[in-house]
Amino acid sequence: MPVTLINPEGLPKPEVYRQLSVATGSKLVFLAGQVARDADGRPVGDGDLAAQVEQCYLNIATALAGVGGSFDDVAKLTVYVVDWSPEKMPLLGEGVSRAAEKLGVDPVKPITLLGVAALGEPDLLVEVEATAVLE
């Protein structure tokens with residue numbers, strides 16, 4: 001596997017993400033931010049943060065499959081959430097868990113979580129971008 005996830009000694013060891021990833025593959029893949037749209041561009045999860053997070057993660061897996069990879073190849077995620085507050089963390093986690101169960105993967109990756117005022121379309125609550133490394 002080209003990506004190894006690590007929580008090094010001397011740093012906190014969070015349960016929901018890893019502090020770093022070490023990539024040894026030869027192909028870098030930079031995904032555009034994925035939003036809650038199905039393959040036909042239809043909105044998914046109107047007003048439902050967990051459903052939108054789930055769809056974003058599923059879209060990342062679909063994109064990576066298209067270039068011979070999988071969600072396991074993700075080295076780093078950046079998550080943008082509209083009007084973020086700590087009270088939204090359970091919904092974020094629920095969406096991640098549902099996607100991980102469907103994909104059969106460990107979703108715990110290095111992650112940056114950013115609260116934003118808005119995204120590109122008014123119905124979007126979350127956008128997730130990924131960097132992956134393939135052999």
# chains A, B, ... in the order shown; residues from 1 in each chain; ligands from 1

call {"tool": "select_by_dssp", "arguments": {"residues": "chain A", "states": "strand (DSSP E)", "output": "PyMOL selection string"}}
result
chain A and resi 3-6+20-23+27-34+74-82+111-116+126-134

call {"tool": "residues_around", "arguments": {"residues": "region 50-58 of chain A", "least_positions_apart": "6", "cutoff": "8 Å", "atoms": "only C-alpha atoms", "output": "PyMOL selection string"}}
result
chain A and resi 34-38+44+91-99+103+124-128

call {"tool": "closest_residue", "arguments": {"among": "A:Arg18, A:Ala61, A:Leu5, A:Ser26", "to": "Ala100 (chain A)", "atoms": "only C-alpha atoms"}}
result
A:Ala61

call {"tool": "residues_around", "arguments": {"residues": "region 67-72 of chain A", "least_positions_apart": "3", "cutoff": "9 Å", "atoms": "only C-alpha atoms", "output": "list in words"}}
result
Met1, Val3, Val29, Tyr57, Leu58, Ile60, Ala61, Thr62, Ala63, Leu64, Ala75, Leu103, Val105, Asp106, Pro107, Ala132, Val133, Leu134 and Glu135 of chain A

call {"tool": "write_last_selection", "arguments": {"atoms": "all heavy atoms", "output": "short mmCIF file (atom, residue, chain, number, x, y, z; two decimals), in the first residue's frame"}}
result
data_model
loop_
_atom_site.label_atom_id
_atom_site.label_comp_id
_atom_site.auth_asym_id
_atom_site.auth_seq_id
_atom_site.Cartn_x
_atom_site.Cartn_y
_atom_site.Cartn_z
N MET A 1 0.85 -1.17 0.00
CA MET A 1 0.00 0.00 0.00
C MET A 1 0.90 1.24 0.00
O MET A 1 1.80 1.35 0.83
CB MET A 1 -0.91 -0.04 1.22
CG MET A 1 -1.92 1.04 1.21
SD MET A 1 -3.64 0.75 1.59
CE MET A 1 -4.04 -0.87 1.16
N VAL A 3 0.33 4.31 0.93
CA VAL A 3 0.11 5.32 1.96
C VAL A 3 0.08 4.64 3.33
O VAL A 3 -0.71 3.73 3.55
CB VAL A 3 -1.22 6.09 1.72
CG1 VAL A 3 -1.46 7.08 2.85
CG2 VAL A 3 -1.20 6.78 0.38
N VAL A 29 -2.32 11.96 -7.14
CA VAL A 29 -3.64 12.27 -7.68
C VAL A 29 -4.25 13.38 -6.82
O VAL A 29 -4.38 13.22 -5.61
CB VAL A 29 -4.57 11.03 -7.65
CG1 VAL A 29 -5.93 11.37 -8.23
CG2 VAL A 29 -3.93 9.87 -8.40
N TYR A 57 -17.58 11.45 0.10
CA TYR A 57 -16.61 10.36 0.24
C TYR A 57 -16.83 9.31 -0.84
O TYR A 57 -15.86 8.78 -1.40
CB TYR A 57 -16.72 9.74 1.64
CG TYR A 57 -15.89 10.43 2.69
CD1 TYR A 57 -16.09 11.77 3.01
CD2 TYR A 57 -14.91 9.74 3.38
CE1 TYR A 57 -15.33 12.40 3.98
CE2 TYR A 57 -14.13 10.36 4.36
CZ TYR A 57 -14.35 11.68 4.65
OH TYR A 57 -13.59 12.30 5.62
N LEU A 58 -18.07 8.99 -1.15
CA LEU A 58 -18.35 8.01 -2.21
C LEU A 58 -17.85 8.53 -3.55
O LEU A 58 -17.30 7.77 -4.36
CB LEU A 58 -19.85 7.70 -2.27
CG LEU A 58 -20.43 6.99 -1.04
CD1 LEU A 58 -21.94 6.84 -1.18
CD2 LEU A 58 -19.76 5.66 -0.78
N ILE A 60 -15.33 10.55 -4.02
CA ILE A 60 -13.87 10.43 -4.01
C ILE A 60 -13.47 9.01 -4.39
O ILE A 60 -12.58 8.80 -5.23
CB ILE A 60 -13.29 10.82 -2.63
CG1 ILE A 60 -13.43 12.34 -2.42
CG2 ILE A 60 -11.83 10.37 -2.48
CD1 ILE A 60 -13.15 12.81 -1.01
N ALA A 61 -14.13 8.02 -3.80
CA ALA A 61 -13.82 6.62 -4.13
C ALA A 61 -14.08 6.33 -5.60
O ALA A 61 -13.29 5.64 -6.25
CB ALA A 61 -14.64 5.69 -3.24
N THR A 62 -15.17 6.86 -6.14
CA THR A 62 -15.50 6.66 -7.55
C THR A 62 -14.44 7.28 -8.44
O THR A 62 -13.98 6.68 -9.43
CB THR A 62 -16.89 7.25 -7.88
OG1 THR A 62 -17.86 6.57 -7.08
CG2 THR A 62 -17.23 7.11 -9.34
N ALA A 63 -14.03 8.50 -8.12
CA ALA A 63 -13.00 9.17 -8.91
C ALA A 63 -11.69 8.38 -8.90
O ALA A 63 -11.06 8.19 -9.94
CB ALA A 63 -12.78 10.59 -8.39
N LEU A 64 -11.29 7.91 -7.73
CA LEU A 64 -10.04 7.17 -7.63
C LEU A 64 -10.12 5.83 -8.35
O LEU A 64 -9.14 5.39 -8.97
CB LEU A 64 -9.65 6.98 -6.16
CG LEU A 64 -9.20 8.26 -5.47
CD1 LEU A 64 -9.03 8.04 -3.98
CD2 LEU A 64 -7.92 8.78 -6.09
N ALA A 75 -4.12 10.13 0.81
CA ALA A 75 -3.08 10.53 1.74
C ALA A 75 -3.51 11.71 2.60
O ALA A 75 -3.01 11.88 3.72
CB ALA A 75 -1.80 10.90 0.98
N LEU A 103 -17.97 1.42 1.55
CA LEU A 103 -16.74 1.21 0.79
C LEU A 103 -15.86 0.10 1.36
O LEU A 103 -14.94 -0.36 0.70
CB LEU A 103 -15.93 2.52 0.73
CG LEU A 103 -16.60 3.69 0.01
CD1 LEU A 103 -15.82 4.97 0.25
CD2 LEU A 103 -16.73 3.39 -1.47
N VAL A 105 -13.74 0.48 3.93
CA VAL A 105 -12.42 1.07 4.16
C VAL A 105 -12.33 1.69 5.54
O VAL A 105 -13.34 1.95 6.19
CB VAL A 105 -12.10 2.16 3.10
CG1 VAL A 105 -12.09 1.58 1.70
CG2 VAL A 105 -13.06 3.33 3.21
N ASP A 106 -11.10 1.95 5.96
CA ASP A 106 -10.84 2.73 7.16
C ASP A 106 -10.77 4.19 6.70
O ASP A 106 -9.85 4.55 5.96
CB ASP A 106 -9.53 2.30 7.80
CG ASP A 106 -9.19 3.08 9.06
OD1 ASP A 106 -9.91 4.07 9.40
OD2 ASP A 106 -8.19 2.74 9.71
N PRO A 107 -11.70 5.04 7.12
CA PRO A 107 -11.73 6.42 6.63
C PRO A 107 -10.81 7.37 7.36
O PRO A 107 -10.75 8.56 7.04
CB PRO A 107 -13.18 6.82 6.88
CG PRO A 107 -13.51 6.11 8.16
CD PRO A 107 -12.80 4.76 8.04
N ALA A 132 -4.27 11.75 -3.24
CA ALA A 132 -4.01 10.33 -3.13
C ALA A 132 -2.67 10.00 -3.78
O ALA A 132 -2.16 10.76 -4.59
CB ALA A 132 -5.13 9.53 -3.80
N VAL A 133 -2.13 8.85 -3.41
CA VAL A 133 -0.88 8.37 -3.98
C VAL A 133 -1.10 6.94 -4.44
O VAL A 133 -1.54 6.09 -3.65
CB VAL A 133 0.28 8.43 -2.95
CG1 VAL A 133 1.57 7.94 -3.58
CG2 VAL A 133 0.44 9.84 -2.42
N LEU A 134 -0.80 6.68 -5.71
CA LEU A 134 -0.96 5.35 -6.28
C LEU A 134 0.41 4.79 -6.62
O LEU A 134 1.36 5.54 -6.90
CB LEU A 134 -1.81 5.41 -7.54
CG LEU A 134 -3.17 6.11 -7.43
CD1 LEU A 134 -3.87 6.10 -8.77
CD2 LEU A 134 -4.04 5.47 -6.37
N GLU A 135 0.51 3.47 -6.67
CA GLU A 135 1.76 2.81 -7.08
C GLU A 135 2.04 3.10 -8.53
O GLU A 135 1.19 3.29 -9.33
CB GLU A 135 1.66 1.28 -6.88
CG GLU A 135 1.59 0.89 -5.42
CD GLU A 135 2.89 1.01 -4.66
OE1 GLU A 135 3.96 1.26 -5.25
OE2 GLU A 135 2.82 0.87 -3.45
#

call {"tool": "residues_around", "arguments": {"residues": "Thr112 (chain A)", "least_positions_apart": "5", "cutoff": "8 Å", "atoms": "only C-alpha atoms", "output": "PyMOL selection string"}}
result
chain A and resi 77-79

call {"tool": "write_last_selection", "arguments": {"atoms": "all heavy atoms", "output": "PDB file, in the first residue's frame"}}
result
ATOM      1  N   LEU A  77      -7.050  14.639   3.274  1.00  0.00           N
ATOM      2  CA  LEU A  77      -8.364  15.204   2.967  1.00  0.00           C
ATOM      3  C   LEU A  77      -8.458  16.628   3.508  1.00  0.00           C
ATOM      4  O   LEU A  77      -7.906  16.930   4.568  1.00  0.00           O
ATOM      5  CB  LEU A  77      -9.483  14.384   3.624  1.00  0.00           C
ATOM      6  CG  LEU A  77      -9.656  12.950   3.158  1.00  0.00           C
ATOM      7  CD1 LEU A  77     -10.558  12.196   4.124  1.00  0.00           C
ATOM      8  CD2 LEU A  77     -10.232  12.916   1.754  1.00  0.00           C
ATOM      9  N   THR A  78      -9.173  17.461   2.790  1.00  0.00           N
ATOM     10  CA  THR A  78      -9.550  18.778   3.299  1.00  0.00           C
ATOM     11  C   THR A  78     -11.066  18.857   3.189  1.00  0.00           C
ATOM     12  O   THR A  78     -11.624  18.619   2.117  1.00  0.00           O
ATOM     13  CB  THR A  78      -8.886  19.913   2.495  1.00  0.00           C
ATOM     14  OG1 THR A  78      -7.470  19.733   2.526  1.00  0.00           O
ATOM     15  CG2 THR A  78      -9.239  21.271   3.092  1.00  0.00           C
ATOM     16  N   VAL A  79     -11.712  19.172   4.306  1.00  0.00           N
ATOM     17  CA  VAL A  79     -13.169  19.211   4.376  1.00  0.00           C
ATOM     18  C   VAL A  79     -13.605  20.639   4.673  1.00  0.00           C
ATOM     19  O   VAL A  79     -13.147  21.248   5.644  1.00  0.00           O
ATOM     20  CB  VAL A  79     -13.707  18.267   5.482  1.00  0.00           C
ATOM     21  CG1 VAL A  79     -15.214  18.320   5.562  1.00  0.00           C
ATOM     22  CG2 VAL A  79     -13.224  16.832   5.238  1.00  0.00           C
TER      23      VAL A  79
END

call {"tool": "residues_around", "arguments": {"residues": "region 116-119 of chain A", "least_positions_apart": "2", "cutoff": "6 Å", "atoms": "only C-alpha atoms", "output": "PyMOL selection string"}}
result
chain A and resi 81-83+121

call {"tool": "select_by_dssp", "arguments": {"residues": "chain A", "states": "helix (DSSP H, G or I)", "output": "count of residues only"}}
result
38

call {"tool": "atom_distance", "arguments": {"atom1": "CA of Gln19 (chain A)", "atom2": "CA of Asn59 (chain A)"}}
result
23.7 Å

call {"tool": "atom_distance", "arguments": {"atom1": "CA of Pro110 (chain A)", "atom2": "CA of Gly25 (chain A)"}}
result
17.0 Å

call {"tool": "closest_residue", "arguments": {"among": "A:Val108, A:Leu114, A:Val74, A:Met89", "to": "Leu28 (chain A)", "atoms": "only C-alpha atoms"}}
result
A:Val74

call {"tool": "closest_residue", "arguments": {"among": "A:Gly104, A:Asp73, A:Arg42, A:Leu49", "to": "Glu87 (chain A)", "atoms": "only C-alpha atoms"}}
result
A:Leu49
